[in-house]
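First up is the structure itself, then whatever we jot down about it.
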Amino acid sequence: MEFLFAITIGVLVAAAVYLMLSNHLLRFIFGLVLISNAANLTIFVSGRLTDGAPPLIPEGADAPLVDVANALPQALVLTAIVIGFGLFAFAIVLVFRAWTTLNSLTPDDMRLAEPEEAPK
Amino acid sequence: MSWLLALPVVIPFLTAVLAFLTRQSPLGRWISVAGSSVLLIASIALMNTVLREGVIAGQMGNWPAPFGITLVADLLSAVMVLITAIVAVAVSIYAIADVDEGMERLGYHALFNMLIAGVVGAFITGDLFNLYVWFEVMLIASFGLLVLGGRPEQIDGGVKYVALNLVSTIMFLTGIGLLYGMTGTLNMADLASAVDGADQRLLTIVAVLFMIAFGVKAAVFPLFFWLPASYHTPAFSVSAVFAGLLTKVGVYALLRMFTLVFDHDTAFTHTILLWVAGLTMVVGVLGAAAQSNMRKILSFHIVSQIGYMILGLALLTPLAIVGAVFYLVHHIVVKANLFLIAGVAQRIAGGTELSRIGGLYKSAPLLAVLFVVPAFSLAGFPPLSGFWAKFLLVKAALDVQGWIIAGIALAVGLLTIYSMTKIWAQAFWEPHPDGIEPKLSSLSYRDRAAMLIPIAGLAVLTVMIGVMPEPFVQFAEASAAQLLDPTAYITAVLGEQP
């Protein structure tokens with residue numbers, strides 16, 4: 001199971017890096033979404049995978065009686081997803097604004113803040 | 001105890017909420033000033049307690065460590081919180097003159113206080129995932145501040161800033177996941193001993209992942225490109241608080257993680273850091289020498305100065321860590337101040353492009369004096385604070401026969417003087433190209449007070465650290481001792497260890 005996840009994460013990261021290195025902002029954002037999901041999966045897998053053992057404690061007991069799934073990585077992933085959603089929402093709006101104000105989504109053309117100086 | 005630890009985070013949060021609710025009225029700026037002042041009082045109280053009682057820790061929600069979220073304040077955290085509060089007060093006063101009503105309506109004060117909350121939270125947390133959350137709070141607030149106003153340059157700079165910082169965030173998150181998988185804990189004090197049982201080669205890989213993630217935040221070579229692309233675009237009060245605080249959170253995180261957790265293979269990790277430090281110093285200062293805009297010069301100098309702090313961490317001797325801590329504190333004050341001064345120059349002389357301004361020395365001598373203090377402190381002139389910071393680090397490098405790195409540090413100091421004198425000569429000495437005489441009296445009374453009081457306050461602080469460095473060096477020594485021997489830190493968080 002872990003092996004399968006490792007392969008999936010690897011494929012996601014490879015695709016993400018390919019997208020992020022292409023000279024286009026929208027592709028960069030898509031790459032970012034992919035790689036952030038790869039990171040989330042990494043956290044998820046690092047909590048060890050279990051099958052069909054919900055982390056529930058029976059009434060009256062202080063601790064789970066049998067081995068259960070690790071709930072902490074799930075909480076971490078949930079937090080990371082929520083934060084990631086907010087950041088991507090911002091990033092997408094920013095890219096849209098960049099397109100409307102700078103008329104380009106090619107990073108190489110975006111030289112407004114750092115203009116190439118003419119030779120003196 | 002835990003309320004004292006939580007207060008520095010809660011205060012700016014509440015201030016942000018209040019400022020957001022009053023964003024349509026001019027009340028927001030005063031709420032911001034009041035909130036920062038209360039934060040300053042709280043951080044002085046925290047500092048006082050830490051000085052008296054040593055490292056203090058609080059378990060949030062009464063979940064015992066290492067299961068719950070722990071807030072910890074040792075001397076380094078306490079001084080970082082204190083200096084953050086000082087910068088927050090200075091910038092929130094300055095913002096009265098600098099930030100126009102349009103930006104206030106868009107929620108400048110709310111975002112600013114949210115940023116401060118994120119910075120303070122990052123300094124004070126003892127939990128790795130919580131550190132990630134504070135980084136995000138800080139990041140999203142800084143995104144907002146950076147593009148607030150929406151001028152095309154801001155959008156352009158913002159895209160680069162957002163893109164590279166998001167990549168760094170994901171690196172950080174992956175590192176956290178792997179570290180958790182290897183050790184089963186995310187509490188930093190617990191990690192310090194838990195990593196001993198992990199596969200050491202794998203641990204080094206994770207360490208490098210963290211190094212890259214924090215390195216982007218700290219703007220070290222070769223990960224700094226977002227900084228000079230964006231820091232000269234937003235409002236001056238925004239770039240001052242960015243310049244003062246944001247990169248230093250990255251340096252703090254490096255300093256914390258690479259003394260507490262990742263100290264197992266220093267021959268590998270800290271050698272990388274040493275190379276990074278040298279290259280960061282050189283590339284930053286050369287970049288600055290090539291610029292002709294005051295804010296761009298100062299932005300590149302942030303990069304170059306970060307190198308000095310990383311140098312202290314890389315050498316990892318007691319004296320080097322003392323130097324790094326001293327440098328960190330001195331740099332925040334000086335750098336924020338220089339950006340604030342650039343803002344005044346923009347207002348009265350009509351720009352920050354050095355070829356288009358001038359004559360400030362003759363017509364605004366007060367500003368010239370106030371510029372000299374942080375500028376020459378940055379370059380390391382005695383008796384200003386920067387001299388002692390550089391002195392400690394160069395001494396530490398010479399002590400371990402690091403002739404080359406000591407030479408680089410000194411040469412970079414020299415080149416810093418070159419940049420500072422360039423600003424001095426072109427903005428202050430040479431007459432204004434349009435023949436006008438930029439005067440401070442062209443500002444209204446209110447603006448003049450709001451801009452000059454924070455600048456003067458920070459300049460006084462710089463001189464104070466420089467003239468009587470003894471207590472500050474002693475403080476840095478105590479805090480370096482805590483970093484190099486984290487027993488007190490671990491005991492405070494986890495209780496007595498068997």
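Letters A, B, ... go to the chains of the structure tokens in the order shown; residues in each chain start at 1; ligands are counted from 1 in the same order.
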Tell me, counting only C-alpha atoms, for each residue of region 274-342 of chain B within 12 Å of region 460-467 of chain B, which pair of atoms is nearest and how far apart they are in Å to one decimal, in rows ordered by chain and increasing number, as a tab-separated table.
```
residue	atom	partner	partner_atom	distance
B:Phe326	CA	B:Ile465	CA	9.7
B:Tyr327	CA	B:Ile465	CA	11.1
B:Val329	CA	B:Ile465	CA	9.8
B:His330	CA	B:Thr462	CA	7.1
B:His331	CA	B:Thr462	CA	9.4
B:Ile332	CA	B:Thr462	CA	10.2
B:Val333	CA	B:Thr462	CA	7.0
B:Val334	CA	B:Thr462	CA	6.9
B:Lys335	CA	B:Thr462	CA	10.6
B:Ala336	CA	B:Thr462	CA	11.5
B:Asn337	CA	B:Thr462	CA	9.7
B:Leu338	CA	B:Thr462	CA	11.7
```
With only C-alpha atoms as the counted atoms, please give the residues lying no more than 12 Å from Gln200 (chain B), apart from itself and same-chain residues fewer than 3 positions off, as number ranges by chain. B: 179, 182-183, 194-197, 203-207, 262-266, 268
Skipping near chain neighbours, those fewer than 6 positions away, what residues fall within 10 Å of Arg448 (chain B) using only C-alpha atoms, listed as a PDB file with C-alpha atoms, in the first residue's frame?
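The resulting file, result.pdb, is reproduced below:
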```pdb
ATOM      1  CA  TYR B  94       4.651  55.797  10.503  1.00  0.00           C
ATOM      2  CA  ALA B  97       1.434  59.478   7.430  1.00  0.00           C
ATOM      3  CA  VAL B 344      10.511  60.275   3.758  1.00  0.00           C
ATOM      4  CA  LEU B 440      10.844  68.510   5.692  1.00  0.00           C
ATOM      5  CA  SER B 441       8.553  71.489   6.232  1.00  0.00           C
ATOM      6  CA  SER B 442       6.725  70.584   3.028  1.00  0.00           C
TER       7      SER B 442
END
```
Give as a ChimeraX atom specification every residue of chain B that touches chain A within 7 Å, counting only C-alpha atoms. /B:140,152-153,155-157,159,170,173-174,177-178,180-181,229
Would you export the selected residues with N, CA and C atoms as a PDB file, in the first residue's frame, please?
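What landed in result23.pdb:
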```
ATOM      1  N   ILE B 140       0.007  34.852   4.063  1.00  0.00           N
ATOM      2  CA  ILE B 140      -1.207  35.340   3.408  1.00  0.00           C
ATOM      3  C   ILE B 140      -1.396  36.830   3.710  1.00  0.00           C
ATOM      4  N   PRO B 152       0.550  48.210 -11.215  1.00  0.00           N
ATOM      5  CA  PRO B 152       1.117  47.131 -12.026  1.00  0.00           C
ATOM      6  C   PRO B 152       2.438  46.577 -11.490  1.00  0.00           C
ATOM      7  N   GLU B 153       3.334  47.449 -10.978  1.00  0.00           N
ATOM      8  CA  GLU B 153       4.606  46.924 -10.453  1.00  0.00           C
ATOM      9  C   GLU B 153       4.358  46.006  -9.278  1.00  0.00           C
ATOM     10  N   ILE B 155       1.726  44.127  -8.749  1.00  0.00           N
ATOM     11  CA  ILE B 155       1.232  42.838  -9.223  1.00  0.00           C
ATOM     12  C   ILE B 155       2.398  42.008  -9.750  1.00  0.00           C
ATOM     13  N   ASP B 156       3.278  42.672 -10.502  1.00  0.00           N
ATOM     14  CA  ASP B 156       4.428  41.986 -11.077  1.00  0.00           C
ATOM     15  C   ASP B 156       5.321  41.413  -9.975  1.00  0.00           C
ATOM     16  N   GLY B 157       5.692  42.270  -9.004  1.00  0.00           N
ATOM     17  CA  GLY B 157       6.512  41.796  -7.893  1.00  0.00           C
ATOM     18  C   GLY B 157       5.777  40.737  -7.091  1.00  0.00           C
ATOM     19  N   VAL B 159       3.556  38.511  -8.030  1.00  0.00           N
ATOM     20  CA  VAL B 159       3.521  37.187  -8.644  1.00  0.00           C
ATOM     21  C   VAL B 159       4.778  36.404  -8.276  1.00  0.00           C
ATOM     22  N   ILE B 170       5.587  24.472   0.477  1.00  0.00           N
ATOM     23  CA  ILE B 170       5.320  23.059   0.200  1.00  0.00           C
ATOM     24  C   ILE B 170       6.517  22.202   0.583  1.00  0.00           C
ATOM     25  N   LEU B 173       6.270  21.743   4.252  1.00  0.00           N
ATOM     26  CA  LEU B 173       5.220  20.778   4.589  1.00  0.00           C
ATOM     27  C   LEU B 173       5.696  19.345   4.343  1.00  0.00           C
ATOM     28  N   THR B 174       6.368  19.130   3.210  1.00  0.00           N
ATOM     29  CA  THR B 174       6.896  17.790   2.923  1.00  0.00           C
ATOM     30  C   THR B 174       7.899  17.388   3.994  1.00  0.00           C
ATOM     31  N   GLY B 177       6.127  16.288   7.048  1.00  0.00           N
ATOM     32  CA  GLY B 177       5.557  14.956   6.888  1.00  0.00           C
ATOM     33  C   GLY B 177       6.602  13.867   7.065  1.00  0.00           C
ATOM     34  N   LEU B 178       7.757  14.043   6.410  1.00  0.00           N
ATOM     35  CA  LEU B 178       8.799  13.018   6.496  1.00  0.00           C
ATOM     36  C   LEU B 178       9.345  12.909   7.914  1.00  0.00           C
ATOM     37  N   TYR B 180       7.818  13.621  10.648  1.00  0.00           N
ATOM     38  CA  TYR B 180       6.818  12.971  11.491  1.00  0.00           C
ATOM     39  C   TYR B 180       6.827  11.462  11.256  1.00  0.00           C
ATOM     40  N   GLY B 181       6.943  11.077  10.009  1.00  0.00           N
ATOM     41  CA  GLY B 181       6.983   9.655   9.705  1.00  0.00           C
ATOM     42  C   GLY B 181       8.164   8.955  10.350  1.00  0.00           C
ATOM     43  N   ALA B 229      12.864  41.337  -6.245  1.00  0.00           N
ATOM     44  CA  ALA B 229      11.835  41.519  -7.270  1.00  0.00           C
ATOM     45  C   ALA B 229      10.606  42.206  -6.707  1.00  0.00           C
TER      46      ALA B 229
END
```
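Each of B:Asn130, B:Gln401, B:Thr125, B:Asn113 was compared to Tyr252 (chain B) using only C-alpha atoms, and B:Thr125 turns out to be the nearest.
Rounded to one decimal, CA of Leu246 (chain B) and CA of Ala480 (chain B) lie 21.6 Å from each other.
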Just list the residues in region 5-101 of chain A DSSP gives alpha helix (DSSP H) on the backbone, as a VMD selection string. chain A and resid 5 to 21 25 to 46 71 to 101
Skip region 408-418 of chain B itself and residues of its chain fewer than 4 positions away, then list as a PDB file with C-alpha atoms, in the first residue's frame all residues within 7 Å of it, counting only C-alpha atoms.
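Result saved to out22.pdb:
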```
ATOM      1  CA  GLY B 278      29.598  33.391   2.022  1.00  0.00           C
ATOM      2  CA  MET B 281      26.954  37.979   1.464  1.00  0.00           C
ATOM      3  CA  VAL B 282      28.885  38.448  -1.770  1.00  0.00           C
ATOM      4  CA  VAL B 285      26.289  43.165  -1.852  1.00  0.00           C
ATOM      5  CA  ALA B 379      28.087  49.112   7.107  1.00  0.00           C
ATOM      6  CA  GLY B 380      29.643  48.392  10.501  1.00  0.00           C
ATOM      7  CA  VAL B 394      34.571  38.078  12.291  1.00  0.00           C
ATOM      8  CA  ILE B 404      38.604  33.119   3.948  1.00  0.00           C
ATOM      9  CA  LYS B 422      26.394  56.097  -3.059  1.00  0.00           C
TER      10      LYS B 422
END
```
Write out as a VMD selection string which residues come within 9 Å of Thr352 (chain B) when counting only C-alpha atoms, dropping same-chain ones fewer than 5 positions away. chain B and resid 292 to 295 342 to 343 345 to 346 357 427
Let's have the selection written as a short mmCIF file (atom, residue, chain, number, x, y, z; two decimals), in the first residue's frame, with N, CA and C atoms.
```cif
data_model
loop_
_atom_site.label_atom_id
_atom_site.label_comp_id
_atom_site.auth_asym_id
_atom_site.auth_seq_id
_atom_site.Cartn_x
_atom_site.Cartn_y
_atom_site.Cartn_z
N SER B 292 20.42 51.42 -8.70
CA SER B 292 20.45 52.87 -8.59
C SER B 292 19.19 53.41 -7.93
N ASN B 293 18.37 52.52 -7.40
CA ASN B 293 17.17 52.95 -6.71
C ASN B 293 17.37 52.65 -5.23
N MET B 294 17.07 53.65 -4.39
CA MET B 294 17.36 53.52 -2.97
C MET B 294 16.76 52.24 -2.38
N ARG B 295 15.48 51.99 -2.70
CA ARG B 295 14.85 50.81 -2.09
C ARG B 295 15.42 49.51 -2.63
N ALA B 342 13.76 55.98 3.55
CA ALA B 342 13.55 56.04 2.10
C ALA B 342 12.16 56.60 1.80
N GLY B 343 11.19 56.25 2.67
CA GLY B 343 9.83 56.76 2.49
C GLY B 343 9.76 58.27 2.62
N ALA B 345 12.29 60.32 2.09
CA ALA B 345 12.97 60.88 0.93
C ALA B 345 12.04 60.93 -0.27
N GLN B 346 11.25 59.85 -0.43
CA GLN B 346 10.29 59.81 -1.53
C GLN B 346 9.28 60.96 -1.41
N ILE B 357 16.85 62.42 -7.43
CA ILE B 357 16.71 63.18 -6.19
C ILE B 357 18.06 63.73 -5.77
N ALA B 427 21.75 61.17 -3.01
CA ALA B 427 20.48 61.66 -2.47
C ALA B 427 20.69 62.83 -1.53
#
```
Grab the CA of Leu166 (chain B) to CA of Val81 (chain B) distance for me, in Å with one decimal place.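 Going from CA of Leu166 (chain B) over to CA of Val81 (chain B), I get 24.8 Å.
Relative to CA of Thr259 (chain B), CA of Tyr132 (chain B) is found at 18.4 Å.
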Could you give me, as a PyMOL selection string, the residues within 12 Å of Leu65 (chain A), counting only C-alpha atoms and dropping anything in the same chain fewer than 3 positions from it? chain A and resi 53-62+68
Preceding selection exported with C-alpha atoms as a PDB file, in the first residue's frame:
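The resulting out_39.pdb:
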```pdb
ATOM      1  CA  ALA A  53      -9.722   0.825  11.775  1.00  0.00           C
ATOM      2  CA  PRO A  54     -11.358   4.150  12.622  1.00  0.00           C
ATOM      3  CA  PRO A  55      -9.745   5.907  15.585  1.00  0.00           C
ATOM      4  CA  LEU A  56     -12.729   5.625  17.907  1.00  0.00           C
ATOM      5  CA  ILE A  57     -12.473   5.048  21.632  1.00  0.00           C
ATOM      6  CA  PRO A  58     -15.316   2.999  23.127  1.00  0.00           C
ATOM      7  CA  GLU A  59     -17.380   4.648  25.819  1.00  0.00           C
ATOM      8  CA  GLY A  60     -15.807   4.305  29.244  1.00  0.00           C
ATOM      9  CA  ALA A  61     -12.279   3.551  27.999  1.00  0.00           C
ATOM     10  CA  ASP A  62      -9.370   6.040  28.121  1.00  0.00           C
ATOM     11  CA  VAL A  68      -6.409   2.115  15.069  1.00  0.00           C
TER      12      VAL A  68
END
```
